[in-house]
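Worksheet for the structure shown next.
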Amino acid sequence: MRNRNSWLIFITLLVAFSLWIDLSKNIVIFNPFNNTPIVERNVDVKLGLDLRGGLQALLEADVPAETTVSAEELQNATNILQNRANALGVSEIMMVTAGDRRIVAEFPGITNPEEVVAALKQTALLEFVDMGSNPVAAGTIIKTDFGLETPGPTTTESGETIYHTVMTGAGLDTAGVQRDTNTGQFLISFTLRPDSTDIFSEYTSTHIGQYLAIVLDKQVVSVPSINQAITDGQGQISGSFTQDAAQTLAVQLRSGALPIPIKVVQSRTIGATLGEESIRKSVQAGIIGLIVVILFMGFNYRLPGVIADLALICYALFSLMLFKLIPVTLTLPGIAGFILSVGMAVDANVLIFERLKEELRAGRNLRQAIDLAWSRAWPSIRDSNTSTLITCAILFVFGNTFGASIVKGFSVTLSLGVLVSLFTAIIVTRTFLHSVLDRVKLAEHPRWFGL
């Protein structure tokens, strides 16, 4: 009884949390001690390219046709591009490999495709350059000895100076954006890997009073002076950054260079082919289907059916909560997968309730009948849902391999629906049944159970 009450409390709290997420577009959780936000997140429904419109791009490895591109290189490039797009604020993207040298990318809601693609392709070579006692102004384009056979500061015959690169951005461990509390300017704070920390510490210890330039793609960003040895492997890049520019630079430094060069083979802006009208009709279809299932369960199974309807409502709330929290980008096939899973959600209840009737007709009391019905229906529930999940996995792999985002979206929403339906059948429905039916006398109300 105590365990059942614990589950009931847990389900009640989960329903309350689901309602909060489902009815919100943004959630904020404040620290009770100083009233500052500790969690702030957008949980609005994410719509796919077919419902919202946006950019679709086909990217290809920019190498000769006879050059082999390994699957690992292509996947690493895909991951880096996706991380950059996410960190740049390009949300709800879908980026998958297609074949052995191409990447299919979809950016719902994008209106400036050229800027997005250009930002993704930038490599951002960061260099820490020794300026000695004669620094150059920020914004100056310089030459460095990085990659040259003879490192070290030199002067060419024409009088041009080649500066020495102490270390590159490859030694960075983390990079993020901060704001100077005194000036209000945006800064990029970074930490170094252990081996680079030693190099940086040794250099700054022996060059106090001199200048160390921070250079990005051969352009000087800032030229701070070395006032003391920096031994903790932490530093900041300052400059006249806007918030977007600082965020872009931090993303590029974090993700590093692409393992293979990438070119844009095809880029096109796509309008919403389905849009608001299809969303409205899909929601109507989902509501109608839910109502029909609720009426069927209540009419056919009476009181247990009404309890299953409550569990079905919980299922809908939990599923939408997961879609918003993960988040899942909803395309029209994805919505169809969710609507399909609504009907499958009551499949377990039908099996349990048919077994329940059999046990009640055999003379069992309600508590025994519920436990026996669930235990005997479980193998069928397990096998049917497992087969559906296997099919979803196959569809997901197919969609991910060949860039079929429609198939991938359908498999994701359907599999999530199956998993949530298993939870509602195993936990929610069973808890509700015991909480309500254990207090009902079967002999006095046989019609409540369809007997």
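Quick note on naming: the chains in the structure tokens go A, B, ... in the order shown, residues restart at 1 in each chain, and ligands are numbered from 1 in order of appearance.
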
>> Just list as a PyMOL selection string whatever in segment 50-218 of chain A DSSP marks as strand (DSSP E).
In response: chain A and resi 54-61+94-98+102-108+126-132+143-144+154-155+161-168+172-179+186-192+211-216

>> Please extract the residues of segment 39-238 of chain A with a backbone DSSP assignment of alpha helix (DSSP H) and present them as a PyMOL selection string.
In response: chain A and resi 49-52+71-87+113-121+194-206

Keeping only N, CA and C atoms, write the selected residues to a file as a compact mmCIF listing (two decimals), in the first residue's frame.
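That gives us part_9.txt:
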```
# COMPACT_ATOMS: atom_id res chain seq x y z
N LEU A 49 11.01 21.65 -41.28
CA LEU A 49 11.11 22.43 -42.51
C LEU A 49 9.80 22.43 -43.30
N ASP A 50 9.07 21.32 -43.29
CA ASP A 50 7.84 21.25 -44.08
C ASP A 50 6.72 22.11 -43.49
N LEU A 51 6.77 22.36 -42.19
CA LEU A 51 5.73 23.15 -41.55
C LEU A 51 6.11 24.61 -41.38
N ARG A 52 7.40 24.90 -41.38
CA ARG A 52 7.86 26.25 -41.06
C ARG A 52 8.61 26.93 -42.19
N ALA A 71 34.47 7.48 -43.44
CA ALA A 71 33.20 7.71 -42.76
C ALA A 71 33.39 8.49 -41.47
N GLU A 72 34.53 8.25 -40.79
CA GLU A 72 34.81 8.96 -39.53
C GLU A 72 35.04 10.45 -39.78
N GLU A 73 35.79 10.78 -40.84
CA GLU A 73 36.03 12.19 -41.16
C GLU A 73 34.73 12.90 -41.50
N LEU A 74 33.87 12.24 -42.29
CA LEU A 74 32.60 12.85 -42.67
C LEU A 74 31.69 13.04 -41.47
N GLN A 75 31.67 12.05 -40.57
CA GLN A 75 30.83 12.16 -39.38
C GLN A 75 31.36 13.23 -38.43
N ASN A 76 32.68 13.32 -38.30
CA ASN A 76 33.27 14.37 -37.46
C ASN A 76 32.96 15.75 -37.99
N ALA A 77 33.04 15.90 -39.32
CA ALA A 77 32.70 17.19 -39.93
C ALA A 77 31.23 17.54 -39.68
N THR A 78 30.37 16.52 -39.78
CA THR A 78 28.94 16.73 -39.52
C THR A 78 28.71 17.18 -38.08
N ASN A 79 29.38 16.52 -37.15
CA ASN A 79 29.22 16.87 -35.74
C ASN A 79 29.70 18.29 -35.45
N ILE A 80 30.84 18.66 -36.03
CA ILE A 80 31.38 20.01 -35.81
C ILE A 80 30.44 21.06 -36.38
N LEU A 81 29.95 20.83 -37.61
CA LEU A 81 29.02 21.77 -38.23
C LEU A 81 27.73 21.90 -37.41
N GLN A 82 27.24 20.78 -36.91
CA GLN A 82 26.02 20.81 -36.13
C GLN A 82 26.25 21.54 -34.80
N ASN A 83 27.38 21.31 -34.16
CA ASN A 83 27.68 22.01 -32.92
C ASN A 83 27.79 23.51 -33.14
N ARG A 84 28.41 23.89 -34.26
CA ARG A 84 28.53 25.31 -34.56
C ARG A 84 27.16 25.94 -34.79
N ALA A 85 26.31 25.25 -35.55
CA ALA A 85 24.98 25.78 -35.84
C ALA A 85 24.17 25.91 -34.57
N ASN A 86 24.22 24.91 -33.70
CA ASN A 86 23.47 24.97 -32.44
C ASN A 86 23.97 26.12 -31.57
N ALA A 87 25.27 26.26 -31.46
CA ALA A 87 25.83 27.30 -30.60
C ALA A 87 25.61 28.70 -31.18
N PRO A 113 20.45 32.39 -45.37
CA PRO A 113 21.21 31.15 -45.57
C PRO A 113 22.69 31.38 -45.85
N GLU A 114 23.03 32.45 -46.59
CA GLU A 114 24.43 32.67 -46.93
C GLU A 114 25.28 32.90 -45.68
N GLU A 115 24.77 33.70 -44.75
CA GLU A 115 25.52 33.99 -43.54
C GLU A 115 25.70 32.73 -42.69
N VAL A 116 24.66 31.91 -42.62
CA VAL A 116 24.74 30.68 -41.82
C VAL A 116 25.78 29.73 -42.39
N VAL A 117 25.72 29.49 -43.69
CA VAL A 117 26.66 28.56 -44.32
C VAL A 117 28.09 29.09 -44.22
N ALA A 118 28.26 30.40 -44.42
CA ALA A 118 29.60 30.99 -44.33
C ALA A 118 30.18 30.85 -42.93
N ALA A 119 29.34 31.06 -41.91
CA ALA A 119 29.80 30.93 -40.53
C ALA A 119 30.18 29.50 -40.20
N LEU A 120 29.45 28.55 -40.75
CA LEU A 120 29.75 27.14 -40.48
C LEU A 120 31.07 26.71 -41.08
N LYS A 121 31.46 27.31 -42.21
CA LYS A 121 32.66 26.88 -42.92
C LYS A 121 33.94 27.52 -42.39
N PRO A 194 46.49 20.87 -20.34
CA PRO A 194 47.68 20.82 -19.46
C PRO A 194 48.99 21.06 -20.19
N ASP A 195 49.20 20.43 -21.37
CA ASP A 195 50.48 20.61 -22.07
C ASP A 195 50.65 22.05 -22.54
N SER A 196 49.57 22.68 -22.99
CA SER A 196 49.63 24.07 -23.44
C SER A 196 49.77 25.03 -22.26
N THR A 197 49.22 24.65 -21.12
CA THR A 197 49.38 25.47 -19.91
C THR A 197 50.85 25.62 -19.55
N ASP A 198 51.60 24.54 -19.68
CA ASP A 198 53.04 24.59 -19.38
C ASP A 198 53.77 25.52 -20.34
N ILE A 199 53.43 25.45 -21.63
CA ILE A 199 54.06 26.32 -22.63
C ILE A 199 53.74 27.78 -22.33
N PHE A 200 52.48 28.06 -22.06
CA PHE A 200 52.03 29.42 -21.79
C PHE A 200 52.68 29.96 -20.51
N SER A 201 52.76 29.11 -19.51
CA SER A 201 53.35 29.53 -18.24
C SER A 201 54.83 29.88 -18.41
N GLU A 202 55.56 29.04 -19.14
CA GLU A 202 56.99 29.28 -19.35
C GLU A 202 57.22 30.56 -20.16
N TYR A 203 56.39 30.78 -21.18
CA TYR A 203 56.57 31.96 -22.03
C TYR A 203 56.28 33.24 -21.25
N THR A 204 55.14 33.29 -20.57
CA THR A 204 54.77 34.51 -19.84
C THR A 204 55.73 34.79 -18.68
N SER A 205 56.35 33.75 -18.13
CA SER A 205 57.30 33.94 -17.03
C SER A 205 58.58 34.62 -17.50
N THR A 206 58.94 34.41 -18.76
CA THR A 206 60.20 34.94 -19.29
C THR A 206 60.02 36.18 -20.17
```

Segment 392-400 of chain A environment, 9 Å, only C-alpha atoms, sequence neighbours closer than 6 positions dropped, as a PDB file with C-alpha atoms, in the first residue's frame:
```
ATOM      1  CA  MET A  95      22.182  17.465 -40.367  1.00  0.00           C
ATOM      2  CA  VAL A  96      22.963  13.940 -41.551  1.00  0.00           C
ATOM      3  CA  THR A  97      25.537  12.279 -43.774  1.00  0.00           C
ATOM      4  CA  ALA A  98      24.382  11.102 -47.200  1.00  0.00           C
ATOM      5  CA  ILE A 406      10.767  12.610 -42.833  1.00  0.00           C
ATOM      6  CA  VAL A 407      11.305   8.923 -42.045  1.00  0.00           C
ATOM      7  CA  LYS A 408      13.587   9.833 -39.134  1.00  0.00           C
ATOM      8  CA  GLY A 409      11.018  12.201 -37.597  1.00  0.00           C
ATOM      9  CA  PHE A 410       8.264   9.597 -37.852  1.00  0.00           C
ATOM     10  CA  SER A 411      10.418   6.950 -36.144  1.00  0.00           C
ATOM     11  CA  VAL A 412      11.427   9.293 -33.300  1.00  0.00           C
ATOM     12  CA  LEU A 414       6.513   6.847 -32.710  1.00  0.00           C
ATOM     13  CA  SER A 415       9.254   5.286 -30.569  1.00  0.00           C
TER      14      SER A 415
END
```

> What is the atom CA of Leu340 of chain A-atom CA of Ile352 of chain A distance in Å, reported with one decimal?
Replying inline: 20.2 Å

>> With distances taken over only C-alpha atoms, which residue among A:Gly159, A:Gly99, A:Gly109, A:Pro261 lies nearest Pro64 of chain A?
In response: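 Comparing A:Gly159, A:Gly99, A:Gly109, A:Pro261 against Pro64 of chain A, the winner is A:Pro261.
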
>> as a ChimeraX atom specification, please: the residues near Asp371 of chain A (cut-off 9 Å, only C-alpha atoms, same-chain neighbours under 5 positions excluded).
In response: /A:356,366,376,430

>> Counting only C-alpha atoms, which residue out of A:Ile188, A:Val215, A:Val420, A:Leu13 sits closest to Phe318 of chain A?
In response: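 Counting only C-alpha atoms, the residue closest to Phe318 of chain A is A:Val420.
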
>> Need to verify the contact set: Arg41 of chain A, 12 Å, only C-alpha atoms, exclusion of same-chain residues closer than 6 positions in sequence. Can you return it as a ChimeraX atom specification?
In response: /A:21,24-29,324-327

Please save N, CA and C atoms of the selected residues as a PDB file, in the first residue's frame.
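In the end it all went to selection-v3.pdb:
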```pdb
ATOM      1  N   ILE A  21       5.182  22.410 -18.310  1.00  0.00           N
ATOM      2  CA  ILE A  21       5.987  22.436 -19.538  1.00  0.00           C
ATOM      3  C   ILE A  21       5.092  22.589 -20.767  1.00  0.00           C
ATOM      4  N   SER A  24       3.760  26.135 -21.383  1.00  0.00           N
ATOM      5  CA  SER A  24       4.749  27.217 -21.364  1.00  0.00           C
ATOM      6  C   SER A  24       5.533  27.261 -22.661  1.00  0.00           C
ATOM      7  N   LYS A  25       6.008  28.448 -22.988  1.00  0.00           N
ATOM      8  CA  LYS A  25       6.948  28.622 -24.089  1.00  0.00           C
ATOM      9  C   LYS A  25       8.369  28.809 -23.569  1.00  0.00           C
ATOM     10  N   ASN A  26       8.491  29.372 -22.371  1.00  0.00           N
ATOM     11  CA  ASN A  26       9.780  29.531 -21.716  1.00  0.00           C
ATOM     12  C   ASN A  26       9.624  29.148 -20.252  1.00  0.00           C
ATOM     13  N   ILE A  27      10.625  28.469 -19.707  1.00  0.00           N
ATOM     14  CA  ILE A  27      10.592  28.119 -18.291  1.00  0.00           C
ATOM     15  C   ILE A  27      11.800  28.746 -17.610  1.00  0.00           C
ATOM     16  N   VAL A  28      11.556  29.252 -16.406  1.00  0.00           N
ATOM     17  CA  VAL A  28      12.613  29.874 -15.616  1.00  0.00           C
ATOM     18  C   VAL A  28      12.493  29.355 -14.188  1.00  0.00           C
ATOM     19  N   ILE A  29      13.600  28.862 -13.647  1.00  0.00           N
ATOM     20  CA  ILE A  29      13.651  28.416 -12.257  1.00  0.00           C
ATOM     21  C   ILE A  29      14.624  29.333 -11.519  1.00  0.00           C
ATOM     22  N   LYS A 324       8.906  18.623 -26.111  1.00  0.00           N
ATOM     23  CA  LYS A 324       9.355  19.992 -25.891  1.00  0.00           C
ATOM     24  C   LYS A 324      10.684  20.050 -25.153  1.00  0.00           C
ATOM     25  N   LEU A 325      10.952  19.087 -24.285  1.00  0.00           N
ATOM     26  CA  LEU A 325      12.175  19.111 -23.495  1.00  0.00           C
ATOM     27  C   LEU A 325      13.382  18.581 -24.254  1.00  0.00           C
ATOM     28  N   ILE A 326      13.193  17.594 -25.155  1.00  0.00           N
ATOM     29  CA  ILE A 326      14.379  16.946 -25.770  1.00  0.00           C
ATOM     30  C   ILE A 326      15.246  17.914 -26.597  1.00  0.00           C
ATOM     31  N   PRO A 327      14.749  18.770 -27.501  1.00  0.00           N
ATOM     32  CA  PRO A 327      13.423  18.825 -28.084  1.00  0.00           C
ATOM     33  C   PRO A 327      13.362  18.002 -29.370  1.00  0.00           C
TER      34      PRO A 327
END
```

> Within 6 Å of segment 129-141 of chain A, counting only C-alpha atoms, which residues qualify if same-chain residues fewer than 5 places away don't, as an NGL selection string?
Replying inline: :A and (164-166 or 210-213 or 218-222)

Could you please take those selected residues and save all heavy atoms as an mmCIF file, in the first residue's frame?
```cif
data_model
loop_
_atom_site.group_PDB
_atom_site.id
_atom_site.type_symbol
_atom_site.label_atom_id
_atom_site.label_comp_id
_atom_site.auth_asym_id
_atom_site.auth_seq_id
_atom_site.Cartn_x
_atom_site.Cartn_y
_atom_site.Cartn_z
ATOM 1 N N HIS A 164 56.643 35.402 -34.540
ATOM 2 C CA HIS A 164 56.707 34.040 -34.017
ATOM 3 C C HIS A 164 55.398 33.672 -33.312
ATOM 4 O O HIS A 164 54.920 34.421 -32.445
ATOM 5 C CB HIS A 164 57.863 33.897 -33.035
ATOM 6 C CG HIS A 164 57.875 32.589 -32.294
ATOM 7 N ND1 HIS A 164 57.895 31.368 -32.961
ATOM 8 C CD2 HIS A 164 57.848 32.306 -30.971
ATOM 9 C CE1 HIS A 164 57.891 30.391 -32.066
ATOM 10 N NE2 HIS A 164 57.865 30.925 -30.848
ATOM 11 N N THR A 165 54.826 32.535 -33.677
ATOM 12 C CA THR A 165 53.622 32.018 -33.020
ATOM 13 C C THR A 165 54.025 31.156 -31.832
ATOM 14 O O THR A 165 54.674 30.117 -32.002
ATOM 15 C CB THR A 165 52.769 31.182 -34.005
ATOM 16 O OG1 THR A 165 52.359 32.009 -35.087
ATOM 17 C CG2 THR A 165 51.539 30.617 -33.311
ATOM 18 N N VAL A 166 53.645 31.599 -30.654
ATOM 19 C CA VAL A 166 53.985 30.863 -29.436
ATOM 20 C C VAL A 166 53.177 29.580 -29.346
ATOM 21 O O VAL A 166 53.703 28.512 -29.058
ATOM 22 C CB VAL A 166 53.734 31.739 -28.186
ATOM 23 C CG1 VAL A 166 54.039 30.963 -26.899
ATOM 24 C CG2 VAL A 166 54.558 33.016 -28.263
ATOM 25 N N GLN A 210 56.538 42.543 -21.919
ATOM 26 C CA GLN A 210 56.431 42.549 -23.371
ATOM 27 C C GLN A 210 54.974 42.314 -23.789
ATOM 28 O O GLN A 210 54.079 42.190 -22.960
ATOM 29 C CB GLN A 210 57.368 41.490 -23.954
ATOM 30 C CG GLN A 210 58.838 41.755 -23.638
ATOM 31 C CD GLN A 210 59.752 40.757 -24.315
ATOM 32 O OE1 GLN A 210 59.352 40.017 -25.211
ATOM 33 N NE2 GLN A 210 61.010 40.714 -23.870
ATOM 34 N N TYR A 211 54.768 42.238 -25.107
ATOM 35 C CA TYR A 211 53.408 42.139 -25.626
ATOM 36 C C TYR A 211 53.167 40.791 -26.306
ATOM 37 O O TYR A 211 54.058 40.282 -27.016
ATOM 38 C CB TYR A 211 53.133 43.268 -26.634
ATOM 39 C CG TYR A 211 53.123 44.640 -25.996
ATOM 40 C CD1 TYR A 211 54.302 45.380 -25.894
ATOM 41 C CD2 TYR A 211 51.944 45.186 -25.499
ATOM 42 C CE1 TYR A 211 54.303 46.638 -25.312
ATOM 43 C CE2 TYR A 211 51.943 46.443 -24.913
ATOM 44 C CZ TYR A 211 53.120 47.159 -24.825
ATOM 45 O OH TYR A 211 53.112 48.401 -24.228
ATOM 46 N N LEU A 212 51.975 40.249 -26.082
ATOM 47 C CA LEU A 212 51.562 38.987 -26.714
ATOM 48 C C LEU A 212 50.278 39.254 -27.487
ATOM 49 O O LEU A 212 49.226 39.533 -26.890
ATOM 50 C CB LEU A 212 51.328 37.900 -25.658
ATOM 51 C CG LEU A 212 50.844 36.543 -26.188
ATOM 52 C CD1 LEU A 212 51.964 35.865 -26.982
ATOM 53 C CD2 LEU A 212 50.402 35.639 -25.041
ATOM 54 N N ALA A 213 50.353 39.194 -28.802
ATOM 55 C CA ALA A 213 49.181 39.494 -29.634
ATOM 56 C C ALA A 213 48.283 38.269 -29.761
ATOM 57 O O ALA A 213 48.765 37.138 -29.846
ATOM 58 C CB ALA A 213 49.630 39.950 -31.014
ATOM 59 N N LYS A 218 45.105 35.563 -39.004
ATOM 60 C CA LYS A 218 46.178 36.501 -39.359
ATOM 61 C C LYS A 218 45.827 37.968 -39.100
ATOM 62 O O LYS A 218 46.608 38.853 -39.466
ATOM 63 C CB LYS A 218 46.583 36.334 -40.837
ATOM 64 C CG LYS A 218 46.984 34.914 -41.223
ATOM 65 C CD LYS A 218 48.110 34.375 -40.363
ATOM 66 C CE LYS A 218 48.480 32.940 -40.747
ATOM 67 N NZ LYS A 218 49.531 32.367 -39.891
ATOM 68 N N GLN A 219 44.695 38.237 -38.466
ATOM 69 C CA GLN A 219 44.333 39.613 -38.116
ATOM 70 C C GLN A 219 44.432 39.788 -36.608
ATOM 71 O O GLN A 219 43.871 39.002 -35.841
ATOM 72 C CB GLN A 219 42.927 39.955 -38.592
ATOM 73 C CG GLN A 219 42.531 41.391 -38.309
ATOM 74 C CD GLN A 219 41.167 41.752 -38.892
ATOM 75 O OE1 GLN A 219 40.432 40.873 -39.341
ATOM 76 N NE2 GLN A 219 40.831 43.018 -38.912
ATOM 77 N N VAL A 220 45.145 40.827 -36.192
ATOM 78 C CA VAL A 220 45.350 41.073 -34.771
ATOM 79 C C VAL A 220 44.030 41.504 -34.126
ATOM 80 O O VAL A 220 43.410 42.481 -34.561
ATOM 81 C CB VAL A 220 46.427 42.156 -34.551
ATOM 82 C CG1 VAL A 220 46.589 42.462 -33.059
ATOM 83 C CG2 VAL A 220 47.755 41.705 -35.146
ATOM 84 N N VAL A 221 43.618 40.760 -33.087
ATOM 85 C CA VAL A 221 42.388 41.088 -32.362
ATOM 86 C C VAL A 221 42.698 42.029 -31.207
ATOM 87 O O VAL A 221 42.020 43.038 -31.003
ATOM 88 C CB VAL A 221 41.712 39.801 -31.836
ATOM 89 C CG1 VAL A 221 40.491 40.136 -30.986
ATOM 90 C CG2 VAL A 221 41.322 38.900 -32.993
ATOM 91 N N SER A 222 43.714 41.698 -30.417
ATOM 92 C CA SER A 222 44.122 42.559 -29.312
ATOM 93 C C SER A 222 45.584 42.275 -29.001
ATOM 94 O O SER A 222 46.117 41.221 -29.361
ATOM 95 C CB SER A 222 43.246 42.327 -28.077
ATOM 96 O OG SER A 222 43.372 40.989 -27.627
#
```

>> Residues within 7 Å of segment 168-185 of chain A, please, as a PyMOL selection string. Count only C-alpha atoms; anything in the same chain fewer than 3 positions from it doesn't count.
In response: chain A and resi 125-128+188-193+196+246-247+250+253-254

Would you mind exporting C-alpha atoms of the selected residues as a PDB file, in the first residue's frame?
```pdb
ATOM      1  CA  LEU A 125      42.861  29.878 -36.727  1.00  0.00           C
ATOM      2  CA  LEU A 126      43.758  31.415 -33.376  1.00  0.00           C
ATOM      3  CA  GLU A 127      47.414  32.244 -32.704  1.00  0.00           C
ATOM      4  CA  PHE A 128      49.184  33.702 -29.689  1.00  0.00           C
ATOM      5  CA  ILE A 188      36.023  35.382 -24.740  1.00  0.00           C
ATOM      6  CA  SER A 189      37.364  33.561 -21.711  1.00  0.00           C
ATOM      7  CA  PHE A 190      39.352  30.388 -22.300  1.00  0.00           C
ATOM      8  CA  THR A 191      41.204  27.615 -20.513  1.00  0.00           C
ATOM      9  CA  LEU A 192      44.168  25.668 -21.837  1.00  0.00           C
ATOM     10  CA  ARG A 193      44.979  21.990 -21.924  1.00  0.00           C
ATOM     11  CA  SER A 196      49.634  24.072 -23.442  1.00  0.00           C
ATOM     12  CA  ALA A 246      31.910  37.030 -29.504  1.00  0.00           C
ATOM     13  CA  GLN A 247      29.562  34.045 -29.547  1.00  0.00           C
ATOM     14  CA  ALA A 250      33.813  31.206 -29.109  1.00  0.00           C
ATOM     15  CA  LEU A 253      37.387  28.122 -31.160  1.00  0.00           C
ATOM     16  CA  ARG A 254      35.522  25.408 -29.255  1.00  0.00           C
TER      17      ARG A 254
END
```

>> To one decimal place in Å, what is the distance between atom CA of Ile381 of chain A and atom CA of Ile313 of chain A?
In response: 19.6 Å

>> Measuring between only C-alpha atoms, which one of A:Thr429, A:Thr413, A:Asn35, A:Gln228 shows the shortest distance to Leu322 of chain A?
In response: A:Thr413

> By how many Å are atom CA of Arg302 of chain A and atom CA of Leu8 of chain A apart?
Replying inline: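 Between atom CA of Arg302 of chain A and atom CA of Leu8 of chain A the gap is 21.8 Å.
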
>> Using only C-alpha atoms for the distances, tell me which of A:Leu59, A:Val283, A:Val292, A:Leu437 is nearest to Ile103 of chain A.
In response: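 Among A:Leu59, A:Val283, A:Val292, A:Leu437, it is A:Leu59 that comes nearest to Ile103 of chain A.
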